[in-house]
Each structure stands twice: as structure tokens, then as C-alpha cells.
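Colleague: Input file: structure.txt. Contents: compact mmCIF, C-alpha atoms.
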```txt
# COMPACT_ATOMS: atom_id res chain seq x y z
CA MET A 1 0.00 0.00 0.00
CA ALA A 2 1.45 3.37 -0.99
CA VAL A 3 1.77 5.93 1.78
CA PRO A 4 -0.17 9.10 0.96
CA THR A 5 1.80 12.31 0.41
CA ILE A 6 0.36 13.76 3.62
CA PHE A 7 2.75 11.48 5.50
CA HIS A 8 5.80 12.66 3.58
CA ARG A 9 5.53 16.29 4.65
CA ARG A 10 7.23 17.57 7.77
CA CYS A 11 4.96 18.32 10.68
CA ASP A 12 3.74 21.87 10.03
CA ALA A 13 2.61 24.38 12.65
CA GLY A 14 -1.03 23.30 12.34
CA ARG A 15 -0.20 19.68 13.02
CA ARG A 16 1.99 20.65 15.96
CA ARG A 17 -0.95 22.59 17.43
CA VAL A 18 -3.18 19.52 17.01
CA LEU A 19 -0.54 17.34 18.67
CA TRP A 20 -0.16 19.68 21.63
CA ARG A 21 -3.94 20.09 21.99
CA ALA A 22 -4.27 16.33 22.11
CA LEU A 23 -1.52 16.22 24.71
CA ALA A 24 -3.29 18.88 26.77
CA VAL A 25 -6.40 16.70 26.84
CA ALA A 26 -4.54 13.44 27.45
CA MET A 27 -2.06 14.59 30.10
CA PRO A 28 -2.92 15.37 33.71
CA PRO A 29 -2.68 19.11 34.51
CA ALA A 30 -0.06 18.51 37.19
CA LEU A 31 2.25 17.05 34.54
CA TRP A 32 1.89 20.17 32.39
CA LEU A 33 2.79 22.37 35.36
CA ALA A 34 5.81 20.23 36.10
CA ALA A 35 6.96 20.34 32.48
CA GLY A 36 7.38 24.07 32.15
CA ASP A 37 7.50 26.07 28.93
CA ALA A 38 11.24 25.65 28.41
CA TYR A 39 10.87 21.92 27.75
CA ALA A 40 7.95 22.30 25.36
CA VAL A 41 9.91 24.48 22.93
CA ALA A 42 13.33 22.79 23.09
CA ASP A 43 14.26 20.72 20.06
CA VAL A 44 14.89 17.03 20.58
CA PRO A 45 18.47 16.18 19.57
CA ALA A 46 18.62 14.08 16.40
CA ALA A 47 20.28 11.16 18.19
CA ASP A 48 17.52 11.02 20.82
CA ALA A 49 14.79 11.32 18.17
CA LYS A 50 16.35 8.48 16.17
CA ALA A 51 16.76 6.24 19.23
CA ALA A 52 13.20 6.87 20.44
CA ARG A 53 11.80 6.17 16.99
CA ALA A 54 13.77 2.93 16.81
CA VAL A 55 12.22 1.76 20.10
CA ILE A 56 8.69 2.45 18.85
CA GLU A 57 9.39 0.81 15.49
CA ALA A 58 10.84 -2.25 17.22
CA GLN A 59 7.81 -2.56 19.48
CA LEU A 60 5.42 -2.21 16.53
CA ALA A 61 7.40 -4.91 14.70
CA ALA A 62 7.13 -7.18 17.74
CA PHE A 63 3.36 -6.67 17.88
CA ALA A 64 3.12 -7.51 14.17
CA VAL A 65 4.51 -11.01 14.81
CA ASP A 66 2.85 -11.50 18.23
CA ASP A 67 6.20 -11.46 20.03
CA ALA A 68 4.86 -10.48 23.46
CA ARG A 69 8.20 -10.82 25.24
CA ARG A 70 10.02 -8.52 22.82
CA ALA A 71 7.18 -5.94 22.76
CA PHE A 72 7.12 -5.94 26.57
CA SER A 73 10.88 -5.35 26.71
CA TYR A 74 10.42 -1.87 25.21
CA ALA A 75 8.05 -0.78 28.00
CA ALA A 76 9.39 1.32 30.86
CA PRO A 77 9.79 -0.45 34.22
CA ALA A 78 6.62 1.11 35.69
CA LEU A 79 4.54 -0.26 32.79
CA ARG A 80 6.13 -3.68 33.14
CA ARG A 81 5.25 -3.70 36.84
CA GLN A 82 1.71 -2.54 36.07
CA PHE A 83 1.01 -5.35 33.59
CA GLY A 84 3.13 -8.02 35.24
CA SER A 85 3.73 -10.22 32.21
CA PRO A 86 4.29 -9.97 28.46
CA GLU A 87 1.04 -11.87 27.89
CA ASN A 88 -1.02 -9.39 29.93
CA PHE A 89 0.64 -6.48 28.13
CA ILE A 90 0.10 -7.73 24.57
CA GLU A 91 -3.51 -8.65 25.36
CA MET A 92 -4.14 -5.10 26.63
CA VAL A 93 -2.65 -3.65 23.43
CA ARG A 94 -4.58 -6.10 21.21
CA VAL A 95 -7.91 -5.18 22.84
CA GLY A 96 -7.39 -1.52 23.79
CA TYR A 97 -5.08 -0.32 21.01
CA PRO A 98 -5.96 -2.39 17.93
CA VAL A 99 -4.41 0.07 15.47
CA VAL A 100 -1.12 -0.09 17.40
CA TYR A 101 -1.32 -3.88 17.46
CA ARG A 102 -2.05 -4.12 13.71
CA HIS A 103 -1.73 -1.05 11.50
CA ALA A 104 -1.82 -0.50 7.76
CA SER A 105 0.63 2.41 7.71
CA VAL A 106 2.73 4.45 10.08
CA ALA A 107 4.32 7.92 9.92
CA PHE A 108 6.37 9.65 12.59
CA LEU A 109 5.94 13.31 13.47
CA LYS A 110 8.54 15.61 14.98
CA PRO A 111 9.18 14.62 18.63
CA GLN A 112 8.84 17.13 21.46
CA TRP A 113 9.87 17.35 25.11
CA LEU A 114 7.31 17.23 27.88
CA GLY A 115 9.26 17.64 31.08
CA ARG A 116 11.88 14.93 31.08
CA GLU A 117 9.86 12.72 28.76
CA LEU A 118 10.14 12.67 25.01
CA VAL A 119 6.75 12.71 23.29
CA GLN A 120 6.65 11.13 19.84
CA GLY A 121 3.54 11.60 17.74
CA VAL A 122 2.85 8.80 15.30
CA HIS A 123 0.13 8.72 12.64
CA LEU A 124 -1.26 5.23 12.22
CA THR A 125 -3.96 4.02 9.86
CA ASP A 126 -6.05 0.96 10.51
CA GLU A 127 -7.16 -1.55 7.90
CA ASP A 128 -10.29 0.54 7.18
CA GLY A 129 -8.22 3.64 6.38
CA THR A 130 -9.11 5.46 9.60
CA LEU A 131 -6.35 7.81 10.71
CA TRP A 132 -5.16 7.77 14.33
CA LEU A 133 -2.69 9.83 16.31
CA ALA A 134 -0.68 7.84 18.84
CA LEU A 135 1.19 9.97 21.36
CA TYR A 136 4.03 7.91 22.78
CA ARG A 137 5.79 9.06 25.95
CA LEU A 138 9.32 7.77 26.36
CA GLN A 139 11.72 7.97 29.30
CA ARG A 140 15.49 7.62 29.20
CA GLN A 141 16.57 4.90 31.60
CA LYS A 142 19.68 4.87 33.79
CA ASP A 143 21.41 2.73 31.15
CA LYS A 144 20.68 5.56 28.62
CA GLN A 145 18.14 3.44 26.70
CA TRP A 146 14.74 4.89 25.81
CA ARG A 147 11.66 2.98 26.98
CA ILE A 148 7.97 3.62 26.33
CA SER A 149 6.20 4.93 29.43
CA GLY A 150 2.77 5.40 27.89
CA CYS A 151 0.72 5.89 24.77
CA GLN A 152 -2.46 7.88 24.22
CA LEU A 153 -4.49 7.15 21.12
CA VAL A 154 -6.77 9.71 19.48
CA GLN A 155 -8.81 9.15 16.33
CA ALA A 156 -7.87 11.88 13.87
CA GLU A 157 -10.25 13.57 11.51
CA GLY A 158 -10.13 12.19 8.00
CA ARG A 159 -9.40 8.91 6.31
CA VAL A 160 -6.62 7.54 4.16
CA THR A 161 -7.65 5.97 0.87
```
In C-alpha cells, write the structure found in this file.

Modeller:
Amino acid sequence: MAVPTIFHRRCDAGRRRVLWRALAVAMPPALWLAAGDAYAVADVPAADAKAARAVIEAQLAAFAVDDARRAFSYAAPALRRQFGSPENFIEMVRVGYPVVYRHASVAFLKPQWLGRELVQGVHLTDEDGTLWLALYRLQRQKDKQWRISGCQLVQAEGRVT
């Protein structure tokens, strides 16, 4: 399936506003206060953006082949404790995040800082062509690796044909 040209463009100001509005709805107010304006406008270094994207891509690839253990390994420690096992985690994603579990296309937006977390917006389309915005939060671990600490999913307006 060819990826529409909308996915090839850089994230423009309008899309960034949509991303941040979605974050404002999805994030608790206390987290916004803790983040501060300085983090919201700072650019994410290219190396961090590349590493974070690689983690998300690897987890999506693990979901695609039902590799629960590998998908679970990309979750931050707090998420791993919350779900307890790879099987519980992949079942939650399969039921609660079907477009993350199985998507037709994927496109990464420009990452942003939110406090000490990196937020990576990802456009996903499901098999019906419905467009979704997944907002991944990633934390750098003590070993310098990025791990996924959460994901909010918002259905976007429009469809991909």
C-alpha cells in the first residue's frame, strides 16, 4: 500500500498545534505544570529522536509477529510492573489499542519534550483507512536506553484511501 503524500511532509505548525492540543487533553494538569515552557519548545536532539523512533518501530514490529516478550521489553519499568507479564501487556494492546497492534501504515511526526519525557507523535492508519494519532511518551533509563512509558491514542479527523 502506498503511503499518501500527507505522510511525507514535515509536521507543520497546524499539526503541531493539534498534537499539543491532544496532549493537553490526554495529560494530567499537574504534569503540564511540572513540564514548564522551556521543555515544550526545546528541540529534541537528532540522536535522541532516532533512538526513540527505533524503540517504537521495534515494538510495533514485535506486535506484528505477536512477540509479546520482545514488545514488553520496550516498555518502561513502571509499565512492566503494572502489567506483570508480556502476555497481559500484549492482550491489553490487542484489545485496547488495535491500530497499534495491527496497523496498515505508520508515519512519525517531529518529537517534542514534555518535562523529562520525550513525546513522539505517530500517525497510524487501521485496515479501514481510519487515521489515528498515537502519542508515545518515552523515558530515558539509567542505562541511557529509551523505553515507552505510555501511549495515548486519538482518532484523527479524516481517512486515508

Colleague: Set the distance at 9 Å and use all atoms listed in the file: which residues neighbour A:Tyr74 once local chain neighbours fewer than 2 positions away are removed? I'd like the list as a list in words.

Modeller: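 Everything that qualifies: Val55, Ile56, Ala58, Gln59, Arg70, Ala71, Phe72, Ala76, Trp146, Arg147 and Ile148 of chain A.
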
Colleague: Please list as a ChimeraX atom specification every residue within 12 Å of A:Pro77, counting only C-alpha atoms and excluding residues in the same chain fewer than 2 positions away.

Modeller: /A:72-75,79-85,138-142,145-150

Colleague: Please write as a PyMOL selection string the list of polymer residues whose atoms come within 6 Å of (12.6, 11.7, 22.8), counting only C-alpha atoms and keeping to the coordinates of the file.

Modeller: chain A and resi 48-49+52+118-119

Colleague: In Å, how far is it from atom CA of A:Val106 to atom CA of A:Ile90?

Modeller: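 If I compute the distance from atom CA of A:Val106 to atom CA of A:Ile90, I get 19.1 Å.
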
Colleague: With all atoms listed in the file as the atoms that count, which of A:Ala78, A:Ala68, A:Leu114, A:Val160 lies nearest to A:Val44?

Modeller: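 Nearest to A:Val44: A:Leu114.
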
Colleague: With 5 Å added on each side, what axis-aligned box encloses every listed atom of stretch 122-126 of chain A? Give the centre and edge lengths in Å to one decimal, as AutoDock Vina command-line options.

Modeller:
```
--center_x -1.6 --center_y 4.9 --center_z 12.6 --size_x 18.9 --size_y 17.8 --size_z 15.4
```

Colleague: Would you mind telling me which residue in A:Val65, A:Val93, A:Val100, A:Arg137 lies nearest to A:Arg116 when using all atoms listed in the file?

Modeller: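 Of all the options, A:Arg137 lies closest to A:Arg116.
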
Colleague: Could you jot down the atom CA of A:Thr125 to atom CA of A:Glu91 separation for me, Å, one decimal place?

Modeller: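 Distance between the two atoms: 20.0 Å.
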
Colleague: Quote the spacing between atom CA of A:Thr130 and atom CA of A:Val95 in Å to one decimal place.

Modeller: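 Computed distance, atom CA of A:Thr130 to atom CA of A:Val95, equals 17.0 Å.
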
Colleague: Determine the nearest neighbour of A:Gly96 from the options A:Leu124, A:Cys151, A:Leu135, A:Ala54, counting all atoms listed in the file.

Modeller: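 Under the stated criterion, the closest residue is A:Cys151.
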